[in-house]
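Trainee: Have a look at this one before I ask anything.
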Amino acid sequence: MSTILVNTLTGTSTAGSIAVTGEGNSTTTNLQQGLCKVWVNFNGTGTIATRDSFNVSSVTDHSTGDFSVNYANNMGNDDYAFGGHTPNAGSTMNFHWINDLANDYTTALLRTRTLFTNNLTGGGSNQDPVLCTLTTSGDLA
């Protein structure tokens, strides 16, 4: 067994780009591209309370189920991807993260809302879930 102890990894041809050989030894993955750049776990009810986060300066509560996750370090562009999770409220009810607000994706924040829907009848309304988690992948500025 070997152990490598380092504080900084730097690519040889491009400082911020390190290729990692995949499991089958036939493909490589760019380490920097594959890292999650932002994540947050917060309580969306009452006074917003962040439980834990990475690269998040704050979470703004605009109104019921309408939140902005403000980045500590900006994204490089607004072409990033995000995923979110809220708890299932029952066998026929689910929360969904959606983006239909103006300026949803900016380099400085992600504004989104949680929609509580009934899978049997459709429709839905904004709700404040107790558990809100979001991750963002893309390029940092």
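Residues are referred to by chain and number: the chain letter is A, B, ... according to the order shown in the structure tokens, the number counts from 1 in that chain, and ligands are numbered separately from 1 in the order shown.
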Within 6 Å of Val56 in chain A, counting only C-alpha atoms, which residues qualify if same-chain residues fewer than 2 places away don't, as a VMD selection string?
Mentor: chain A and resid 54 58 70 to 72
Trainee: Can you tell me which residues surround range 129-140 of chain A at a distance of at most 7 Å, considering only C-alpha atoms, apart from same-chain residues fewer than 5 positions away, and format the answer as an NGL selection string?
Mentor: :A and (33 or 35-45 or 74-76 or 80-87)
Trainee: Keeping only N, CA and C atoms, take the residues you just selected and write them out as a PDB file, in the first residue's frame.
Mentor:
```pdb
ATOM      1  N   GLN A  33     -13.118  18.870 -14.198  1.00  0.00           N
ATOM      2  CA  GLN A  33     -14.465  18.890 -14.762  1.00  0.00           C
ATOM      3  C   GLN A  33     -15.422  18.005 -13.966  1.00  0.00           C
ATOM      4  N   LEU A  35     -15.569  17.407 -10.710  1.00  0.00           N
ATOM      5  CA  LEU A  35     -15.832  17.757  -9.318  1.00  0.00           C
ATOM      6  C   LEU A  35     -17.108  18.570  -9.167  1.00  0.00           C
ATOM      7  N   CYS A  36     -17.831  18.326  -8.102  1.00  0.00           N
ATOM      8  CA  CYS A  36     -18.986  19.140  -7.760  1.00  0.00           C
ATOM      9  C   CYS A  36     -18.462  20.506  -7.315  1.00  0.00           C
ATOM     10  N   LYS A  37     -18.996  21.587  -7.863  1.00  0.00           N
ATOM     11  CA  LYS A  37     -18.493  22.925  -7.558  1.00  0.00           C
ATOM     12  C   LYS A  37     -19.271  23.617  -6.450  1.00  0.00           C
ATOM     13  N   VAL A  38     -20.521  23.212  -6.240  1.00  0.00           N
ATOM     14  CA  VAL A  38     -21.373  23.822  -5.214  1.00  0.00           C
ATOM     15  C   VAL A  38     -22.299  22.741  -4.666  1.00  0.00           C
ATOM     16  N   TRP A  39     -22.485  22.721  -3.356  1.00  0.00           N
ATOM     17  CA  TRP A  39     -23.556  21.904  -2.783  1.00  0.00           C
ATOM     18  C   TRP A  39     -24.052  22.563  -1.505  1.00  0.00           C
ATOM     19  N   VAL A  40     -25.305  22.314  -1.183  1.00  0.00           N
ATOM     20  CA  VAL A  40     -25.889  22.887   0.022  1.00  0.00           C
ATOM     21  C   VAL A  40     -27.000  21.982   0.537  1.00  0.00           C
ATOM     22  N   ASN A  41     -27.138  21.941   1.839  1.00  0.00           N
ATOM     23  CA  ASN A  41     -28.215  21.243   2.532  1.00  0.00           C
ATOM     24  C   ASN A  41     -28.816  22.272   3.479  1.00  0.00           C
ATOM     25  N   PHE A  42     -30.088  22.637   3.281  1.00  0.00           N
ATOM     26  CA  PHE A  42     -30.682  23.656   4.133  1.00  0.00           C
ATOM     27  C   PHE A  42     -32.129  23.337   4.467  1.00  0.00           C
ATOM     28  N   ASN A  43     -32.619  23.972   5.541  1.00  0.00           N
ATOM     29  CA  ASN A  43     -33.999  23.881   5.964  1.00  0.00           C
ATOM     30  C   ASN A  43     -34.761  24.977   5.238  1.00  0.00           C
ATOM     31  N   GLY A  44     -35.762  24.629   4.452  1.00  0.00           N
ATOM     32  CA  GLY A  44     -36.506  25.601   3.670  1.00  0.00           C
ATOM     33  C   GLY A  44     -37.745  26.134   4.348  1.00  0.00           C
ATOM     34  N   THR A  45     -37.992  25.752   5.603  1.00  0.00           N
ATOM     35  CA  THR A  45     -39.187  26.231   6.302  1.00  0.00           C
ATOM     36  C   THR A  45     -38.805  27.293   7.323  1.00  0.00           C
ATOM     37  N   ASN A  74     -17.906  32.489  -8.074  1.00  0.00           N
ATOM     38  CA  ASN A  74     -18.781  32.435  -9.243  1.00  0.00           C
ATOM     39  C   ASN A  74     -18.457  31.275 -10.175  1.00  0.00           C
ATOM     40  N   MET A  75     -19.479  30.855 -10.901  1.00  0.00           N
ATOM     41  CA  MET A  75     -19.303  29.893 -11.975  1.00  0.00           C
ATOM     42  C   MET A  75     -18.706  30.627 -13.176  1.00  0.00           C
ATOM     43  N   GLY A  76     -18.052  29.893 -14.071  1.00  0.00           N
ATOM     44  CA  GLY A  76     -17.405  30.493 -15.229  1.00  0.00           C
ATOM     45  C   GLY A  76     -18.388  30.984 -16.275  1.00  0.00           C
ATOM     46  N   TYR A  80     -24.073  25.743 -16.593  1.00  0.00           N
ATOM     47  CA  TYR A  80     -23.832  24.640 -15.673  1.00  0.00           C
ATOM     48  C   TYR A  80     -25.097  23.804 -15.454  1.00  0.00           C
ATOM     49  N   ALA A  81     -24.936  22.704 -14.755  1.00  0.00           N
ATOM     50  CA  ALA A  81     -26.059  21.814 -14.454  1.00  0.00           C
ATOM     51  C   ALA A  81     -26.275  21.775 -12.945  1.00  0.00           C
ATOM     52  N   PHE A  82     -27.521  21.575 -12.549  1.00  0.00           N
ATOM     53  CA  PHE A  82     -27.801  21.427 -11.128  1.00  0.00           C
ATOM     54  C   PHE A  82     -28.775  20.284 -10.917  1.00  0.00           C
ATOM     55  N   GLY A  83     -28.741  19.736  -9.724  1.00  0.00           N
ATOM     56  CA  GLY A  83     -29.687  18.715  -9.319  1.00  0.00           C
ATOM     57  C   GLY A  83     -30.117  19.004  -7.895  1.00  0.00           C
ATOM     58  N   GLY A  84     -31.319  18.605  -7.560  1.00  0.00           N
ATOM     59  CA  GLY A  84     -31.816  18.875  -6.227  1.00  0.00           C
ATOM     60  C   GLY A  84     -32.648  17.726  -5.694  1.00  0.00           C
ATOM     61  N   HIS A  85     -32.835  17.735  -4.384  1.00  0.00           N
ATOM     62  CA  HIS A  85     -33.639  16.701  -3.735  1.00  0.00           C
ATOM     63  C   HIS A  85     -34.400  17.338  -2.582  1.00  0.00           C
ATOM     64  N   THR A  86     -35.647  16.962  -2.474  1.00  0.00           N
ATOM     65  CA  THR A  86     -36.470  17.259  -1.309  1.00  0.00           C
ATOM     66  C   THR A  86     -37.187  15.964  -0.964  1.00  0.00           C
ATOM     67  N   PRO A  87     -37.640  15.814   0.277  1.00  0.00           N
ATOM     68  CA  PRO A  87     -38.244  14.538   0.664  1.00  0.00           C
ATOM     69  C   PRO A  87     -39.584  14.285  -0.004  1.00  0.00           C
TER      70      PRO A  87
END
```
Trainee: Using CA of Thr64 in chain A and CA of Asp78 in chain A as the two end points, give the distance in Å to one decimal.
Mentor: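 Answer for the CA of Thr64 in chain A to CA of Asp78 in chain A separation: 24.8 Å.
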Trainee: Output as a list of chain:residue names all residues of chain A that backbone DSSP marks as alpha helix (DSSP H).
Mentor: A:Leu31, A:Gln32, A:Gln33, A:Gly34
Trainee: Could you write those residues out with N, CA and C atoms, as a PDB file, in the first residue's frame?
Mentor:
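Below is the file that was written, out_20.pdb:
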```pdb
ATOM      1  N   LEU A  31     -10.225  15.544 -14.071  1.00  0.00           N
ATOM      2  CA  LEU A  31     -10.545  15.617 -12.646  1.00  0.00           C
ATOM      3  C   LEU A  31     -11.274  16.907 -12.300  1.00  0.00           C
ATOM      4  N   GLN A  32     -10.794  18.034 -12.796  1.00  0.00           N
ATOM      5  CA  GLN A  32     -11.411  19.316 -12.489  1.00  0.00           C
ATOM      6  C   GLN A  32     -12.850  19.375 -12.992  1.00  0.00           C
ATOM      7  N   GLN A  33     -13.118  18.870 -14.198  1.00  0.00           N
ATOM      8  CA  GLN A  33     -14.465  18.890 -14.762  1.00  0.00           C
ATOM      9  C   GLN A  33     -15.422  18.005 -13.966  1.00  0.00           C
ATOM     10  N   GLY A  34     -14.906  16.955 -13.361  1.00  0.00           N
ATOM     11  CA  GLY A  34     -15.761  15.993 -12.678  1.00  0.00           C
ATOM     12  C   GLY A  34     -16.109  16.329 -11.249  1.00  0.00           C
TER      13      GLY A  34
END
```
Trainee: What does the distance between CA of Thr28 in chain A and CA of Asn55 in chain A come to in Å, to one decimal place?
Mentor: 26.4 Å
Trainee: Skip Thr29 in chain A itself and residues of its chain fewer than 4 positions away, then list as an mmCIF file with N, CA and C atoms, in the first residue's frame all residues within 10 Å of it, counting only C-alpha atoms.
Mentor:
```cif
data_model
loop_
_atom_site.group_PDB
_atom_site.id
_atom_site.type_symbol
_atom_site.label_atom_id
_atom_site.label_comp_id
_atom_site.auth_asym_id
_atom_site.auth_seq_id
_atom_site.Cartn_x
_atom_site.Cartn_y
_atom_site.Cartn_z
ATOM 1 N N SER A 17 -5.930 21.361 -15.060
ATOM 2 C CA SER A 17 -6.490 20.202 -15.747
ATOM 3 C C SER A 17 -5.639 18.962 -15.486
ATOM 4 N N ILE A 18 -6.237 17.983 -14.853
ATOM 5 C CA ILE A 18 -5.544 16.735 -14.553
ATOM 6 C C ILE A 18 -6.394 15.589 -15.083
ATOM 7 N N ALA A 19 -5.809 14.748 -15.938
ATOM 8 C CA ALA A 19 -6.524 13.602 -16.500
ATOM 9 C C ALA A 19 -6.357 12.400 -15.576
ATOM 10 N N VAL A 20 -7.457 11.701 -15.339
ATOM 11 C CA VAL A 20 -7.454 10.498 -14.513
ATOM 12 C C VAL A 20 -7.886 9.338 -15.397
ATOM 13 N N THR A 21 -7.107 8.255 -15.400
ATOM 14 C CA THR A 21 -7.436 7.087 -16.206
ATOM 15 C C THR A 21 -8.636 6.378 -15.602
ATOM 16 N N GLY A 22 -9.609 6.041 -16.454
ATOM 17 C CA GLY A 22 -10.836 5.391 -16.012
ATOM 18 C C GLY A 22 -10.629 3.942 -15.616
ATOM 19 N N GLN A 33 -13.118 18.870 -14.198
ATOM 20 C CA GLN A 33 -14.465 18.890 -14.762
ATOM 21 C C GLN A 33 -15.422 18.005 -13.966
ATOM 22 N N GLY A 34 -14.906 16.955 -13.361
ATOM 23 C CA GLY A 34 -15.761 15.993 -12.678
ATOM 24 C C GLY A 34 -16.109 16.329 -11.249
#
```
Trainee: Please, what distance in Å, to one decimal, runs between CA of Ala49 in chain A and CA of Ala141 in chain A?
Mentor: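 A separation of 26.9 Å between them.
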Trainee: Using only C-alpha atoms, which of the listed residues (A:Gly65, A:Leu109, A:Asp104, A:Leu5) sits closest to Gly124 in chain A?
Mentor: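 Counting only C-alpha atoms, the residue closest to Gly124 in chain A is A:Gly65.
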Trainee: Could you give me, as a PyMOL selection string, the residues within 7 Å of Arg111 in chain A, counting only C-alpha atoms and dropping anything in the same chain fewer than 6 positions from it?
Mentor: chain A and resi 67-69+104-105
Trainee: Which residue, A:Thr106, A:Asn25, A:Thr8, A:Asp128, has the smallest gap to Thr47 in chain A when you use only C-alpha atoms?
Mentor: A:Asp128
